[in-house]
Amino acid sequence: MKDLIRVDELSIGFGLKNWVIPAVEGVSFSVKPGETLGIVGESGSGKSLSARAILGLVPPGGLITSGSISYQPESGDAVDITSLPKNGRAIRKLRGAEIAMIFQEPMASLSPVHTIGNQIVTTLRQHADLSAAAALSRAIELLDQVGMASPAIIAGQYAHQLSGGMRQRAMIAMALSCSPRLLVCDEPTTALDATTEAQVVELLMKLQQDFNMGMIFISHNIGLVSEIADRVMVMYLGQSIESGATEHVLKSPAHPYTRALLNALPAFAEAGAELATLQGAVPDLTARPTGCSFHPRCAEFAGPQCETERPAIQVVTNQHLARCHLHE
Amino acid sequence: MTGYIVRRILWFIPTLLAVSLVSFAIIQLPPGDYLTVLESQMGAEGDYNPEVVARLRERFGFDQPFMVQYGKWMWAMLAHGDLGYSFEWRVPVSSLIGEYLALTVIVTAATLIATWLIALPIGIYSAVRPYSIFDYIATILGFIGKATPNFLLALVLMWWAFDTFGADVSGLFSPEYANAPWSWAKVRDLIAHMWLPLIVLGTSGAASLIRQMRANVLDELQKPYVEAARAQGLPEWKVILRYPVRVALNPFLSTIGSSIPELFSGAVTTAIVLNLPMAGPMLLRALVSQDMYLAGSFIFLLSVFTLIGTLISDILLTLVDPRIRFEES
């Protein structure tokens with residue numbers, strides 16, 4: 001099966017022409033229809049930025065310095081999203097219609113002054129030739145699909161009248177309105193409590209199967225990602241440091257950072273034992289450590305090259321990659 | 001909502017009573033009254049007659065206590081719509097202020113609308129393209145407009161119009177229409193004279209409005225719902241007009257009520273310089289000559305307008321911003 005989206009050696013930086021701080025460096029990944037890729041990382045790891053680049057939504061001041069993002073439409077040749085004009089017609093035809101996105105804070109990401117129905121109708125009518133009435137009944141249908149109890153009433157309500165979980169369901173309904181082929185979820189459950197999180201995740205997985213969508217699920221929670229993703233990519237300071245099938249990465253993590261993340265999970269810790277913590281904090285992007293970016297916090301120092309030499313990506317086993325001197 | 005509006009209007013009554021009482025008291029605070037002014041005028045002209053003054057004092061009731069005078073004024077106003085008598089103009093107040101108030105409302109409303117039409121698009125554009133050449137030009141012009149006193153701008157424009165066209169552009173009407181009854185020709189004449197007061201009164205307002213709108217839209221543009229709207233595939237102009245601009249407009253609606261007295265009183269100097277038949281200069285003159293019923297009526301009607309303006313602001317706000325609701329208790 002052909003890849004739906006293929007990101008190759010993508011680098012994104014912030015700054016001026018001659019002085020760019022890299023925020024994403026040489027990241028590559030791909031997603032097939034019906035497949036879920038989980039991207040895990042701490043704040044500032046570049047995970048959201050990489051995902052936004054897929055929709056051509058790199059924030060002002062940021063620019064793609066190298067690499068390509070190739071999207072394979074249902075028919076015809078693949079398009080390189082990085083080559084499309086910013087906010088131009090070509091990228092707008094993909095946004096919301098073929099590639100949709102769900103954001104972290106549903107309250108802030110929904111318009112405060114438009115009803116839920118109105119916002120879904122706007123998206124629908126942007127991409128399909130629908131009458132206002134037909135679009136509204138479709139919107140109510142979508143709200144029903146995402147498990148809203150009384151969809152017709154919700155359609156007439158505003159974001160502030162809904163609970164957190166309902167807002168995120170409304171966001172999901174809006175994202176799914178044009179039956180996208182790829183769904184990008186940027187920490188969709190971070191703002192929700194644990195019970196609601198579980199419900200939303202379950203809903204996303206069900207909808208993904210129903211629509212056979214490709215999905216990119218971004219989270220800082222490696223435990224959550226391991227439940228939904230077919231494949232996982234772990235990011236640290238703008239680089240992909242480990243990627244592979246979820247079961248490989250979870251059972252035999254190849255990078256010390258991934259091992260440390262997993263050890264910090266209560267589910268992986270021994271009962272009664274003190275929970276492991278990852279020492280130190282993520283350095284600032286402007287003060288990137290020399291050599292391996294992770295070496296100041298690494299518990300498994302491989303040798304002097306960690307401080308001086310940037311590790312290249314190494315193949316650990318088939319399809320399981322890690323960026324670490326331990327595997328040279 | 002109807003219940004809320006009715007309740008708000010009922011609250012007008014005690015508010016207006018309080019305002020009228022305070023304004024009546026303030027008008028009487030300076031020593032003396034209109035007759036003192038008259039006395040000194042008579043003295044200057046050499047025909048001072050204490051008997052006449054005493055008779056007038058009795059007739060106007062100036063010798064009575066404050067509360068009695070206030071009570072009589074209020075009663076006449078409520079019972080007969082009689083706002084009192086203007087000593088200086090020697091006609092009933094109600095026959096005097098109607099046209100002045102109407103012209104004031106027309107000029108200020110036209111100024112307000114023109115200001116919004118010009119300033120809001122500039123403010124939006126400045127926010128969407130911050131630190132562009134256009135933004136800097138708008139900023140510089142805005143600061144100049146804000147910093148130039150209105151009367152100075154009025155004088156410069158009058159001089160320029162006179163120098164270029166050889167025409168006297170002061171006033172709101174040409175001499176032949178000034179005292180003529182209303183007709184289409186008079187309306188056209190009014191429109192032809194309006195541009196100067198519009199520019200003078202609108203400049204500083206537009207300048208601050210541009211700055212506020214720019215700041216509001218810049219704030220809103222950072223909000224996640226704007227990016228979410230982009231992610232829906234909406235064209236950029238639609239993203240901006242439909243979401244951040246819509247939200248950024250709300251604070252302006254709440255200022256309608258409070259901008260009414262500002263426009264009334266802020267226009268005084270300009271109206272004097274441009275010789276406009278508006279309420280501001282007339283109120284000032286009435287206060288100076290202690291023409292108390294005229295001054296009191298102006299202040300009273302000004303308060304009525306302000307209250308109505310505030311109510312309109314509140315109603316508009318609830319219509320455009322669903323997050324604001326009237327309490328149901």
# chains A, B, ... in the order shown; residues from 1 in each chain; ligands from 1
call {"tool": "interface_residues", "arguments": {"of": "chain A", "to": "chain B", "cutoff": "9 Å", "atoms": "only C-alpha atoms", "output": "PyMOL selection string"}}
result
chain A and resi 55-57+87-89+91-97+99-103+105-115+119+122-123+126-127+158+160-161+174-175
call {"tool": "select_by_dssp", "arguments": {"residues": "segment 143-318 of chain A", "states": "strand (DSSP E)", "output": "list of chain:residue names"}}
result
A:Leu182, A:Leu183, A:Val184, A:Cys185, A:Asp186, A:Gly214, A:Met215, A:Ile216, A:Phe217, A:Ile218, A:Ser219, A:Arg231, A:Val232, A:Met233, A:Val234, A:Met235, A:Tyr236, A:Gln239, A:Ser240, A:Ile241, A:Glu242, A:Ser243, A:Gly244, A:Ala245, A:Gln314, A:Val315, A:Val316, A:Thr317
call {"tool": "atom_distance", "arguments": {"atom1": "atom CA of Leu209 of chain B", "atom2": "atom CA of Gly123 of chain B"}}
result
7.5 Å
call {"tool": "residues_around", "arguments": {"residues": "Val201 of chain A", "least_positions_apart": "6", "cutoff": "9 Å", "atoms": "only C-alpha atoms", "output": "VMD selection string"}}
result
chain A and resid 188 to 189 224 228
call {"tool": "write_last_selection", "arguments": {"atoms": "N, CA, C and O atoms", "output": "short mmCIF file (atom, residue, chain, number, x, y, z; two decimals), in the first residue's frame"}}
result
data_model
loop_
_atom_site.label_atom_id
_atom_site.label_comp_id
_atom_site.auth_asym_id
_atom_site.auth_seq_id
_atom_site.Cartn_x
_atom_site.Cartn_y
_atom_site.Cartn_z
N PRO A 188 -4.71 15.76 21.62
CA PRO A 188 -6.15 16.04 21.68
C PRO A 188 -6.76 15.82 23.06
O PRO A 188 -7.86 16.28 23.32
N THR A 189 -6.07 15.12 23.93
CA THR A 189 -6.70 14.81 25.21
C THR A 189 -5.96 15.44 26.39
O THR A 189 -6.31 15.19 27.54
N LEU A 224 -0.14 6.47 26.70
CA LEU A 224 -1.34 6.65 25.89
C LEU A 224 -1.06 6.29 24.43
O LEU A 224 -1.82 5.57 23.79
N ILE A 228 -2.65 3.27 21.24
CA ILE A 228 -3.35 3.49 19.97
C ILE A 228 -2.47 3.36 18.74
O ILE A 228 -2.98 3.05 17.68
#
call {"tool": "closest_atom_pairs", "arguments": {"of": "segment 12-69 of chain A", "to": "segment 268-291 of chain A", "cutoff": "8 Å", "atoms": "only C-alpha atoms", "output": "CSV"}}
result
residue,atom,partner,partner_atom,distance
A:Ile21,CA,A:Thr286,CA,6.5
A:Pro22,CA,A:Leu285,CA,7.5
A:Ala23,CA,A:Leu285,CA,6.9
A:Glu42,CA,A:Val282,CA,7.7
A:Gly44,CA,A:Leu285,CA,7.8
call {"tool": "residues_around", "arguments": {"residues": "Leu136 of chain A", "least_positions_apart": "2", "cutoff": "12 Å", "atoms": "only C-alpha atoms", "output": "number ranges by chain"}}
result
A: 115-125, 130-134, 138-143, 151-156, 174, 177
call {"tool": "write_last_selection", "arguments": {"atoms": "C-alpha atoms", "output": "mmCIF file, in the first residue's frame"}}
result
data_model
loop_
_atom_site.group_PDB
_atom_site.id
_atom_site.type_symbol
_atom_site.label_atom_id
_atom_site.label_comp_id
_atom_site.auth_asym_id
_atom_site.auth_seq_id
_atom_site.Cartn_x
_atom_site.Cartn_y
_atom_site.Cartn_z
ATOM 1 C CA THR A 115 -22.351 28.156 17.377
ATOM 2 C CA ILE A 116 -20.895 24.668 16.994
ATOM 3 C CA GLY A 117 -23.275 24.008 14.095
ATOM 4 C CA ASN A 118 -22.288 27.233 12.379
ATOM 5 C CA GLN A 119 -18.594 26.304 12.523
ATOM 6 C CA ILE A 120 -19.136 22.826 11.121
ATOM 7 C CA VAL A 121 -21.373 24.248 8.385
ATOM 8 C CA THR A 122 -18.666 26.751 7.444
ATOM 9 C CA THR A 123 -16.133 23.948 6.964
ATOM 10 C CA LEU A 124 -18.613 21.814 5.036
ATOM 11 C CA ARG A 125 -19.616 24.600 2.670
ATOM 12 C CA LEU A 130 -24.052 22.235 -0.134
ATOM 13 C CA SER A 131 -27.069 24.354 0.699
ATOM 14 C CA ALA A 132 -27.140 25.873 4.174
ATOM 15 C CA ALA A 133 -29.960 23.538 5.220
ATOM 16 C CA ALA A 134 -28.249 20.420 3.868
ATOM 17 C CA ARG A 138 -25.060 16.957 7.858
ATOM 18 C CA ALA A 139 -23.505 18.799 10.815
ATOM 19 C CA ILE A 140 -26.139 17.357 13.154
ATOM 20 C CA GLU A 141 -25.472 13.912 11.683
ATOM 21 C CA LEU A 142 -21.743 14.366 12.410
ATOM 22 C CA LEU A 143 -22.418 15.469 15.988
ATOM 23 C CA PRO A 151 -26.940 16.706 18.412
ATOM 24 C CA ALA A 152 -29.587 19.168 17.182
ATOM 25 C CA ILE A 153 -29.407 21.127 20.436
ATOM 26 C CA ILE A 154 -25.602 21.026 20.560
ATOM 27 C CA ALA A 155 -25.463 22.437 17.035
ATOM 28 C CA GLY A 156 -27.158 25.580 18.322
ATOM 29 C CA MET A 174 -15.656 19.439 12.627
ATOM 30 C CA SER A 177 -16.903 16.827 8.385
#
call {"tool": "residues_around", "arguments": {"residues": "Ser289 of chain B", "least_positions_apart": "5", "cutoff": "12 Å", "atoms": "only C-alpha atoms", "output": "list in words"}}
result
Ile27, Gln28, Pro30, Pro31, Gly32, Asp33, Tyr34, Leu35, Thr36, Val37, Leu38, Glu39, Ser40, Gln41, Ser86, Phe87, Glu88, Trp89, Met282, Leu283, Leu284, Leu294 and Ala295 of chain B
call {"tool": "residues_around", "arguments": {"residues": "Thr115 of chain B", "least_positions_apart": "5", "cutoff": "12 Å", "atoms": "only C-alpha atoms", "output": "ChimeraX atom specification"}}
result
/B:107-110,120-123,198-210
call {"tool": "closest_residue", "arguments": {"among": "B:Ala167, B:Ile13, B:Leu221, B:Leu83", "to": "Pro59 of chain A", "atoms": "only C-alpha atoms"}}
result
B:Leu221
call {"tool": "closest_residue", "arguments": {"among": "A:Glu242, A:Asn263, A:Glu9, A:His295", "to": "His320 of chain A", "atoms": "only C-alpha atoms"}}
result
A:Glu242
call {"tool": "residues_around", "arguments": {"residues": "Ser95 of chain B", "least_positions_apart": "4", "cutoff": "12 Å", "atoms": "only C-alpha atoms", "output": "JSON, numbers by chain"}}
result
{"B": [81, 82, 83, 84, 85, 86, 89, 90, 91, 99, 100, 101, 294, 297]}
